[in-house]
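Report on the following structure.
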Amino acid sequence: MSDSGSITPVSSGFGVKMKNKIKVYRAMHDLTQDALAKELGVTRQTILAIEKGKYDPSLELAFRISRYFQTPIEEIFLFE
Amino acid sequence: MKKNTFYIICGLMAVLLLLLFWLSIDLSSPIIIAVSIIHAAVLFFVLKQRVTDIVQDERSVLIDMKTAAATIKASVVLFLTVNVATIVYVFSGPLGFQSFTYHRPNDVMLPAGSLESVPYFPVPPEMIPISQLGLFAVLQLILIVAALFIYVGFRFYYARKFGVWGEDEE
């Protein structure tokens with residue numbers, strides 16, 4: 001869970017970074033990117049982009065992800 | 001409607017527009033292509049609404065929006081530059097605010113002392129040759145193509161920026 005190697009940083013453009021642990025949670029739930037994308041109603045590329053730190057999800061999608069994994073949002077998305 | 005059907009129809013519409021463009025030139029009737037483009041645009045949006053298997057999510061919408069905004073910004077600068085240059089070119093001719101210069105003919109056959117009685121003749125500024133007006137059509141064509149290239153370029157840029165072409169999972 002606290003594997004920092006799988007936490008993806010995302011630059012917000014203001015010197016702070018967003019990190020997320022979606023890949024970790026996806027592995028814990030034994031989900032493929034495609035399956036998670038279908039559950040959340042987005043494309044696989046969007047999940048891939050979020051995991052790679054190339055795209056910050058909207059607040060709505062972030063909440064949907066946290067609700068899907070039944071985990072507090074701050075556990076999945078870290079703002080540093 | 002499936003998205004592949006939609007893309008095929010779009011391709012056919014593009015070919016048809018090209019033919020109508022050619023027909024417009026041939027018949028010297030700009031109204032044909034003008035009306036056709038408006039109809040094609042309406043048809044395009046109506047058909048797009050009927051496509052069922054295009055998956056759009058917030059990231060693709062963001063890419064669309066950013067591409068459109070960047071294309072508009074770049075195109076406005078490009079169009080403004082060409083428009084101002086064109087205005088300068090046209091206004092430097094007889095349609096502009098350039099006043100005529102006056103010229104007294106230098107006729108050696110005039111008797112001495114009689115030069116003052118010869119009137120000044122207005123000399124029109126240099127005319128823009130009609131053959132050069134075709135340049136404006138070419139310029140318009142270049143602008144349209146440039147706008148398309150700008151759109152495609154920004155599309156690639158933002159698609160890459162937001163990670164469409166990342167490697168596959170696992």
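Chain lettering (A, B, ...) mirrors the order of the structure tokens, residue numbering begins at 1 for each chain separately, and ligand numbering begins at 1 in order of display.
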(message) Show me, as number ranges by chain, the residues that have an atom within 7 Å of region 31-43 of chain A when counting only C-alpha atoms, minus same-chain residues fewer than 2 positions from it.
(response) A: 26-27, 29, 45-48, 64; B: 55, 57, 169
Could those residues be written to a file, using C-alpha atoms, as a PDB file, in the first residue's frame?
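Output below, filename result_13.pdb:
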```
ATOM      1  CA  ARG A  26      -6.460  -1.755  -9.005  1.00  0.00           C
ATOM      2  CA  ALA A  27      -3.958  -4.517  -8.336  1.00  0.00           C
ATOM      3  CA  HIS A  29      -8.896  -5.574  -6.541  1.00  0.00           C
ATOM      4  CA  GLN A  45      -6.815   5.668 -21.899  1.00  0.00           C
ATOM      5  CA  THR A  46      -8.113   7.942 -19.156  1.00  0.00           C
ATOM      6  CA  ILE A  47      -7.260   5.394 -16.460  1.00  0.00           C
ATOM      7  CA  LEU A  48      -3.861   4.916 -18.093  1.00  0.00           C
ATOM      8  CA  ARG A  64     -16.177   8.011  -8.079  1.00  0.00           C
TER       9      ARG A  64
ATOM     10  CA  VAL B  55     -17.011   6.912 -25.944  1.00  0.00           C
ATOM     11  CA  ASP B  57     -15.169  11.100 -21.233  1.00  0.00           C
ATOM     12  CA  GLU B 169      -1.058  -1.876 -19.006  1.00  0.00           C
TER      13      GLU B 169
END
```
(request) From a DSSP calculation on the backbone, collect every residue of chain A in strand (DSSP E or B) and output the set as number ranges by chain. (result) A: 8-11, 17-20, 77-79
(message) If we count only C-alpha atoms and set the cut-off at 10 Å, which residues sit around Met28 (chain A), ignoring sequence neighbours fewer than 4 positions away in its own chain? Please answer as a count of residues only.
(response) 5
(message) Which residues are near Thr71 (chain A)? Cut-off 12 Å, only C-alpha atoms, ignore same chain within fewer than 6 positions. Put them as a PyMOL selection string.
(response) chain A and resi 21-22+25+62-65+77
Store the residues picked out above, limited to N, CA and C atoms, as a PDB file, in the first residue's frame.
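Okay, out20.pdb is ready:
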```
ATOM      1  N   LYS A  21      -2.631   6.455  -6.114  1.00  0.00           N
ATOM      2  CA  LYS A  21      -2.309   5.034  -5.918  1.00  0.00           C
ATOM      3  C   LYS A  21      -3.316   4.143  -6.635  1.00  0.00           C
ATOM      4  N   ILE A  22      -3.836   4.625  -7.733  1.00  0.00           N
ATOM      5  CA  ILE A  22      -4.862   3.850  -8.442  1.00  0.00           C
ATOM      6  C   ILE A  22      -4.328   2.489  -8.871  1.00  0.00           C
ATOM      7  N   TYR A  25      -4.406   0.146  -5.946  1.00  0.00           N
ATOM      8  CA  TYR A  25      -5.758  -0.299  -5.599  1.00  0.00           C
ATOM      9  C   TYR A  25      -6.339  -1.202  -6.686  1.00  0.00           C
ATOM     10  N   ALA A  62     -12.626  11.644  -9.340  1.00  0.00           N
ATOM     11  CA  ALA A  62     -11.814  11.251  -8.177  1.00  0.00           C
ATOM     12  C   ALA A  62     -12.714  10.658  -7.088  1.00  0.00           C
ATOM     13  N   PHE A  63     -13.855  11.280  -6.869  1.00  0.00           N
ATOM     14  CA  PHE A  63     -14.792  10.752  -5.857  1.00  0.00           C
ATOM     15  C   PHE A  63     -15.376   9.410  -6.298  1.00  0.00           C
ATOM     16  N   ARG A  64     -15.631   9.293  -7.590  1.00  0.00           N
ATOM     17  CA  ARG A  64     -16.177   8.011  -8.079  1.00  0.00           C
ATOM     18  C   ARG A  64     -15.157   6.893  -7.897  1.00  0.00           C
ATOM     19  N   ILE A  65     -13.874   7.229  -8.133  1.00  0.00           N
ATOM     20  CA  ILE A  65     -12.812   6.227  -7.953  1.00  0.00           C
ATOM     21  C   ILE A  65     -12.730   5.814  -6.481  1.00  0.00           C
ATOM     22  N   PHE A  77      -5.603   9.727  -3.607  1.00  0.00           N
ATOM     23  CA  PHE A  77      -4.978  10.917  -4.206  1.00  0.00           C
ATOM     24  C   PHE A  77      -4.269  11.709  -3.110  1.00  0.00           C
TER      25      PHE A  77
END
```
(request) Report as a ChimeraX atom specification: the residues of chain A with a DSSP assignment of helix (DSSP H, G or I), based on the backbone of this structure. (result) /A:4-6,22-28,33-40,44-51,59-68,73-76
